>>> print(open('input_15.txt').read())   # compact mmCIF, C-alpha atoms (C1' of nucleotides)
# COMPACT_ATOMS: atom_id res chain seq x y z
CA MET A 158 -100.80 149.50 30.72
CA ALA A 159 -98.47 150.87 28.05
CA GLU A 160 -98.21 154.13 29.95
CA ASP A 161 -94.69 154.91 28.82
CA ALA A 162 -94.06 153.43 25.42
CA ILE A 163 -91.90 155.52 23.15
CA ALA A 164 -93.18 155.83 19.63
CA ASP A 165 -93.36 157.04 16.08
CA GLY A 166 -91.29 160.23 16.05
CA ALA A 167 -93.85 162.82 17.03
CA THR A 168 -91.37 164.42 19.40
CA GLU A 169 -89.19 165.80 16.62
CA GLU A 170 -90.40 169.38 16.95
CA ALA A 171 -90.36 170.74 20.46
CA GLU A 172 -92.92 173.42 19.66
CA THR A 173 -96.17 171.50 19.18
CA CYS A 174 -96.99 168.01 20.31
CA CYS A 175 -99.01 166.97 17.28
CA ALA A 176 -101.06 168.21 14.37
CA PRO A 177 -104.44 169.57 15.43
CA PRO A 178 -107.21 167.08 14.65
CA GLY A 179 -109.73 167.82 11.91
CA ASP A 180 -113.19 169.17 12.61
CA VAL A 181 -116.21 167.02 13.16
CA ASP A 182 -119.62 167.42 11.56
CA SER A 183 -121.75 168.94 14.28
CA ASP A 184 -125.11 167.87 12.84
CA ALA A 185 -123.96 164.29 12.89
CA ILE A 186 -122.85 164.71 16.47
CA ALA A 187 -126.25 166.01 17.50
CA ILE A 188 -128.03 163.07 15.88
CA ASP A 189 -125.66 160.52 17.36
CA LEU A 190 -125.91 162.07 20.79
CA GLN A 191 -129.66 161.83 20.79
CA VAL A 192 -129.35 158.11 20.13
CA LEU A 193 -126.56 157.57 22.63
CA THR A 194 -128.15 159.49 25.47
CA ALA A 195 -131.45 157.74 24.87
CA MET A 196 -129.75 154.35 25.10
CA GLY A 197 -127.43 155.33 27.93
CA ASN A 198 -129.74 154.78 30.85
CA ASP A 199 -130.39 151.63 32.80
CA THR A 200 -134.16 151.60 32.48
CA ARG A 201 -134.26 152.62 28.84
CA TYR A 202 -131.52 150.24 27.78
CA GLU A 203 -133.16 147.32 29.50
CA LEU A 204 -136.48 148.18 27.89
CA LEU A 205 -134.78 148.42 24.52
CA ARG A 206 -133.13 145.03 24.96
CA ARG A 207 -136.45 143.47 25.81
CA ILE A 208 -138.15 145.09 22.89
CA ALA A 209 -135.39 143.91 20.60
CA ASN A 210 -135.55 140.36 21.95
CA ALA A 211 -139.24 139.98 21.24
CA ASP A 212 -140.07 139.30 17.64
CA ASP A 213 -143.55 140.62 17.34
CA GLY A 214 -143.67 143.77 19.39
CA VAL A 215 -144.03 144.12 23.13
CA CYS A 216 -146.76 145.96 24.92
CA VAL A 217 -146.16 148.39 27.73
CA CYS A 218 -147.99 146.32 30.30
CA ASP A 219 -145.47 143.48 30.07
CA LEU A 220 -142.52 145.82 30.04
CA GLU A 221 -143.73 147.39 33.25
CA ALA A 222 -143.55 144.10 35.05
CA ALA A 223 -140.01 143.52 33.83
CA VAL A 224 -138.24 146.67 34.98
CA GLY A 225 -138.50 147.98 38.51
CA VAL A 226 -140.00 151.40 38.00
CA SER A 227 -143.49 152.87 37.86
CA GLN A 228 -145.85 152.78 34.90
CA SER A 229 -145.26 156.45 34.38
CA ALA A 230 -141.50 156.00 34.29
CA VAL A 231 -141.84 153.24 31.70
CA SER A 232 -144.06 155.42 29.57
CA GLN A 233 -141.58 158.28 29.71
CA ALA A 234 -138.71 155.96 28.90
CA LEU A 235 -140.49 154.50 25.87
CA SER A 236 -141.41 157.93 24.70
CA ARG A 237 -137.79 158.96 24.75
CA LEU A 238 -136.73 155.85 22.84
CA TYR A 239 -139.39 156.66 20.26
CA THR A 240 -138.25 160.25 19.86
CA ALA A 241 -134.68 159.08 19.36
CA GLY A 242 -135.82 156.79 16.56
CA LEU A 243 -134.96 153.60 18.42
CA VAL A 244 -138.43 152.08 18.45
CA THR A 245 -141.62 152.26 16.45
CA ARG A 246 -145.01 151.95 18.10
CA ARG A 247 -148.43 150.95 16.98
CA LYS A 248 -151.70 151.05 18.76
CA GLU A 249 -153.90 148.00 18.88
CA GLY A 250 -157.06 148.43 20.84
CA SER A 251 -156.11 149.84 24.17
CA TRP A 252 -152.63 148.40 24.03
CA ARG A 253 -149.58 149.82 22.43
CA TYR A 254 -146.88 147.68 20.91
CA TYR A 255 -143.26 148.68 20.57
CA GLU A 256 -140.80 147.30 18.06
CA PRO A 257 -137.12 148.00 17.47
CA THR A 258 -135.95 150.03 14.50
CA GLU A 259 -132.97 149.20 12.31
CA THR A 260 -130.93 151.67 14.31
CA THR A 261 -131.55 149.66 17.44
CA ALA A 262 -130.86 146.36 15.75
CA ALA A 263 -127.58 147.61 14.30
CA LEU A 264 -126.31 149.15 17.51
CA LEU A 265 -127.23 146.24 19.73
CA GLU A 266 -125.60 143.86 17.31
CA THR A 267 -122.42 145.93 17.32
CA LEU A 268 -122.40 145.98 21.11
CA ASP A 269 -122.94 142.22 21.24
CA ASP A 270 -120.10 141.63 18.82
CA LEU A 271 -117.78 143.84 20.83
CA ARG A 272 -118.54 142.03 24.02
CA GLY A 273 -117.82 138.73 22.35
CA THR A 274 -114.46 139.52 20.82
CA HIS A 275 -112.83 141.79 23.32
CA GLU A 276 -110.00 143.72 21.79
CA MET B 283 -146.63 157.65 12.02
CA ALA B 284 -148.36 154.25 11.88
CA GLU B 285 -149.97 154.94 15.23
CA ASP B 286 -153.02 152.78 14.61
CA ALA B 287 -152.25 149.91 12.31
CA ILE B 288 -154.03 146.67 13.12
CA ALA B 289 -151.85 143.60 13.06
CA ASP B 290 -150.89 140.00 13.53
CA GLY B 291 -153.57 138.52 15.79
CA ALA B 292 -152.13 139.22 19.21
CA THR B 293 -155.56 140.30 20.44
CA GLU B 294 -157.02 136.78 20.41
CA GLU B 295 -156.92 136.38 24.20
CA ALA B 296 -158.47 139.22 26.09
CA GLU B 297 -156.57 138.40 29.27
CA THR B 298 -153.00 139.37 28.42
CA CYS B 299 -151.82 141.62 25.64
CA CYS B 300 -148.71 139.65 24.72
CA ALA B 301 -146.18 137.13 25.91
CA PRO B 302 -143.78 138.54 28.49
CA PRO B 303 -140.39 139.22 26.93
CA GLY B 304 -137.39 137.11 27.86
CA ASP B 305 -134.80 138.23 30.37
CA VAL B 306 -131.68 140.11 29.48
CA ASP B 307 -128.16 139.35 30.62
CA SER B 308 -127.47 141.93 33.29
CA ASP B 309 -123.67 141.74 33.10
CA ALA B 310 -123.85 142.57 29.43
CA ILE B 311 -126.13 145.48 30.21
CA ALA B 312 -123.69 146.89 32.73
CA ILE B 313 -120.81 146.72 30.26
CA ASP B 314 -122.83 148.26 27.45
CA LEU B 315 -124.10 151.01 29.69
CA GLN B 316 -120.62 152.03 30.69
CA VAL B 317 -119.76 152.46 27.03
CA LEU B 318 -123.00 154.21 26.15
CA THR B 319 -122.95 156.66 29.04
CA ALA B 320 -119.32 157.45 28.38
CA MET B 321 -120.10 158.26 24.76
CA GLY B 322 -123.38 159.99 25.49
CA ASN B 323 -122.09 163.41 26.34
CA ASP B 324 -121.37 166.32 24.06
CA THR B 325 -117.81 166.97 25.20
CA ARG B 326 -116.78 163.35 25.40
CA TYR B 327 -118.35 162.42 22.10
CA GLU B 328 -116.69 165.27 20.30
CA LEU B 329 -113.35 164.36 21.82
CA LEU B 330 -113.87 160.76 20.79
CA ARG B 331 -114.67 161.77 17.22
CA ARG B 332 -111.53 163.86 17.03
CA ILE B 333 -109.43 161.10 18.46
CA ALA B 334 -110.92 158.65 15.99
CA ASN B 335 -110.33 160.98 13.05
CA ALA B 336 -106.64 161.37 13.73
CA ASP B 337 -104.55 158.44 12.66
CA ASP B 338 -101.62 158.66 14.95
CA GLY B 339 -102.93 159.65 18.31
CA VAL B 340 -103.92 163.08 19.52
CA CYS B 341 -102.48 164.86 22.49
CA VAL B 342 -104.54 166.58 25.12
CA CYS B 343 -103.19 170.02 24.35
CA ASP B 344 -104.71 170.02 20.87
CA LEU B 345 -107.97 168.56 22.07
CA GLU B 346 -108.28 171.34 24.58
CA ALA B 347 -108.22 173.94 21.87
CA ALA B 348 -110.91 172.10 19.92
CA VAL B 349 -113.69 171.79 22.47
CA GLY B 350 -114.93 174.72 24.50
CA VAL B 351 -114.23 173.58 28.03
CA SER B 352 -111.39 173.91 30.49
CA GLN B 353 -108.24 171.81 30.58
CA SER B 354 -109.54 170.10 33.67
CA ALA B 355 -112.81 169.18 31.99
CA VAL B 356 -110.96 167.71 29.01
CA SER B 357 -108.77 165.67 31.30
CA GLN B 358 -111.78 164.34 33.16
CA ALA B 359 -113.56 163.54 29.93
CA LEU B 360 -110.59 161.64 28.52
CA SER B 361 -110.19 159.77 31.74
CA ARG B 362 -113.77 158.60 31.53
CA LEU B 363 -113.34 157.49 27.92
CA TYR B 364 -110.30 155.54 28.97
CA THR B 365 -112.06 153.83 31.85
CA ALA B 366 -114.87 152.81 29.51
CA GLY B 367 -112.36 151.20 27.16
CA LEU B 368 -112.97 153.63 24.34
CA VAL B 369 -109.43 154.99 24.07
CA THR B 370 -105.92 153.91 24.84
CA ARG B 371 -103.30 156.36 26.00
CA ARG B 372 -99.57 156.48 25.96
CA LYS B 373 -97.19 158.92 27.49
CA GLU B 374 -94.47 160.45 25.40
CA GLY B 375 -92.31 162.92 27.23
CA SER B 376 -94.61 165.31 28.97
CA TRP B 377 -97.39 164.74 26.47
CA ARG B 378 -100.00 162.11 26.45
CA TYR B 379 -101.46 160.69 23.28
CA TYR B 380 -104.88 159.18 22.96
CA GLU B 381 -105.98 156.65 20.36
CA PRO B 382 -109.31 154.96 19.66
CA THR B 383 -109.91 151.34 20.54
CA GLU B 384 -111.71 148.84 18.35
CA THR B 385 -114.83 149.43 20.38
CA THR B 386 -114.79 153.07 19.40
CA ALA B 387 -114.05 152.33 15.77
CA ALA B 388 -116.87 149.80 15.54
CA LEU B 389 -119.48 151.97 17.23
CA LEU B 390 -118.63 155.12 15.32
CA GLU B 391 -118.73 153.19 12.08
CA THR B 392 -122.14 151.79 12.93
CA LEU B 393 -123.41 155.26 13.77
CA ASP B 394 -122.03 156.64 10.53
CA ASP B 395 -123.66 153.87 8.53
CA LEU B 396 -126.99 154.47 10.22
CA ARG B 397 -126.90 158.14 9.48
CA GLY B 398 -126.16 157.41 5.85
CA THR B 399 -128.97 154.97 5.15
CA HIS B 400 -131.85 156.16 7.26
CA GLU B 401 -134.36 153.46 7.82
C1' DG C 209 -82.58 172.66 41.94
C1' DA C 210 -85.91 176.24 40.24
C1' DA C 211 -89.08 177.65 36.69
C1' DA C 212 -92.11 176.31 33.12
C1' DT C 213 -95.15 173.23 30.81
C1' DA C 214 -98.46 169.24 30.42
C1' DT C 215 -101.75 166.68 32.58
C1' DA C 216 -104.31 164.91 36.66
C1' DT C 217 -106.83 165.40 40.91
C1' DT C 218 -109.86 167.51 44.31
C1' DA C 219 -113.63 170.28 45.93
C1' DG C 220 -117.49 172.96 45.17
C1' DT C 221 -121.55 174.02 42.58
C1' DA C 222 -125.25 174.85 39.07
C1' DT C 223 -127.70 172.27 35.95
C1' DC C 224 -129.66 168.10 34.22
C1' DT C 225 -131.95 163.69 34.82
C1' DG C 226 -135.03 160.18 36.09
C1' DC C 227 -137.88 159.06 39.20
C1' DT C 228 -142.65 159.39 41.99
C1' DT C 229 -147.23 160.98 42.59
C1' DG C 230 -151.20 162.77 40.79
C1' DT C 231 -154.06 163.63 36.93
C1' DA C 232 -155.70 163.31 32.02
C1' DT C 233 -157.03 160.90 27.90
C1' DA C 234 -158.64 157.04 25.40
C1' DA C 235 -160.55 152.55 24.65
C1' DG C 236 -163.25 148.49 26.18
C1' DC C 237 -166.96 146.49 29.01
C1' DT C 238 -171.58 146.15 31.33
C1' DA D 93 -173.62 156.54 30.32
C1' DG D 94 -170.52 154.95 33.98
C1' DC D 95 -166.67 151.95 35.39
C1' DT D 96 -162.36 149.92 34.48
C1' DT D 97 -158.04 149.31 32.19
C1' DA D 98 -154.03 151.01 29.40
C1' DT D 99 -151.15 154.63 28.51
C1' DA D 100 -149.63 159.44 28.54
C1' DC D 101 -148.69 163.93 30.58
C1' DA D 102 -147.33 167.42 34.30
C1' DA D 103 -145.26 168.98 38.43
C1' DG D 104 -141.96 168.44 41.87
C1' DC D 105 -137.91 166.78 43.83
C1' DA D 106 -133.57 163.87 45.17
C1' DG D 107 -129.63 162.49 43.31
C1' DA D 108 -126.39 162.39 39.42
C1' DT D 109 -123.60 164.86 36.28
C1' DA D 110 -120.32 168.02 34.14
C1' DC D 111 -118.49 171.90 34.60
C1' DT D 112 -114.96 175.64 36.95
C1' DA D 113 -111.28 176.94 39.97
C1' DA D 114 -107.62 175.68 42.65
C1' DT D 115 -104.04 172.59 43.62
C1' DA D 116 -100.99 168.56 42.88
C1' DT D 117 -97.80 165.71 40.18
C1' DA D 118 -94.67 164.81 36.37
C1' DT D 119 -91.48 166.07 33.02
C1' DT D 120 -88.40 169.14 30.59
C1' DT D 121 -85.27 172.96 30.44
C1' DC D 122 -82.20 176.28 32.22
>>> encode(input="input_15.txt", output="structure tokens")
Amino acid sequence: MAEDAIADGATEEAETCCAPPGDVDSDAIAIDLQVLTAMGNDTRYELLRRIANADDGVCVCDLEAAVGVSQSAVSQALSRLYTAGLVTRRKEGSWRYYEPTETTAALLETLDDLRGTHE
Amino acid sequence: MAEDAIADGATEEAETCCAPPGDVDSDAIAIDLQVLTAMGNDTRYELLRRIANADDGVCVCDLEAAVGVSQSAVSQALSRLYTAGLVTRRKEGSWRYYEPTETTAALLETLDDLRGTHE
DNA sequence: GAAATATATTAGTATCTGCTTGTATAAGCT
DNA sequence: AGCTTATACAAGCAGATACTAATATATTTC
């Protein structure tokens, strides 16, 4: 699709193909990557969606039943989401409840919007 | 942080800890995951940032100089970004120019916003 | 058409990841 | 205290991932 459109006069000089792009803030990249890699996994993303769907916090025991991996795997996944700042957790008796952070809410909403109105 | 707050009366029944969370649309998950895993890599994310920063499209040759991997690795990375719908590409002579899609613009903007106003 | 340049593709490989199993910690129950 | 349940942690390992190096395909230029 549009593999061979001719455009906008960048071919005037034969020497370079375009101006080199500006630098990117590497701290920001590191932060973003932690979020993206935490979300970018089947198990963790599904857990995150479920946590975000529930209004009042979800406990690990119910999450375990929902995804198809071991209790240990769920625990590790949630831990990673927590470290990345995607969920908060609170202890209540012997159970632990997870809730989404604003980061999660914002990103999931963006992804939902994008899926709706495909470009 | 807030590891042991007591809250909201979910401990009334001793049998279950909470209501099981609702299901998640698995097609949506697959689409989102393709985007997230494509972005969730140092090389690819840096390339994406550089592509998004430039207004008029960036060619591979300049991207190569910017990140510290081989030409082949850059090509593979860009190809993956393209497959995930994060960039468009057009050929112009022997050069190929990459530009961000709306998906990229929306997600990067969300990430920028989140970094600004930490929750 | 041959050489040079720009990008893509293939194959091989070292590292990373995400799981399982087993064990530890902590809280509730009797 | 001892038993059970809920969650976390640690070690090990199979499979995925992201490079490099080598080669292929276009495109331009001579």
>>> atom_distance(input="input_15.txt", atom1="CA of Cys218 (chain A)", atom2="CA of Ala241 (chain A)")
21.4 Å
>>> closest_residue(input="input_15.txt", among="A:Leu271, A:Leu264, A:Asp219, A:Leu238", to="chain D", atoms="only C-alpha atoms (C1' of nucleotides)")
A:Asp219
>>> interface_residues(input="input_15.txt", of="chain A", to="chain C", cutoff="9 Å", atoms="all atoms listed in the file", output="JSON, numbers by chain")
{"A": [226, 227, 229, 230, 250, 251, 252]}
>>> atom_distance(input="input_15.txt", atom1="C1' of DT115 (chain D)", atom2="CA of Leu330 (chain B)")
27.5 Å
>>> atom_distance(input="input_15.txt", atom1="CA of Ser183 (chain A)", atom2="CA of Leu390 (chain B)")
14.2 Å
>>> interface_residues(input="input_15.txt", of="chain D", to="chain A", cutoff="12 Å", atoms="all atoms listed in the file", output="MDAnalysis selection string")
chainID D and resid 97:102 108 120:121
>>> closest_residue(input="input_15.txt", among="A:Leu204, A:Gly197, A:Ala187, A:Gly273", to="chain B", atoms="all atoms listed in the file")
A:Gly197
>>> closest_residue(input="input_15.txt", among="A:Glu249, A:Glu221, A:Asp182, A:Ala209", to="chain B", atoms="all atoms listed in the file")
A:Glu249
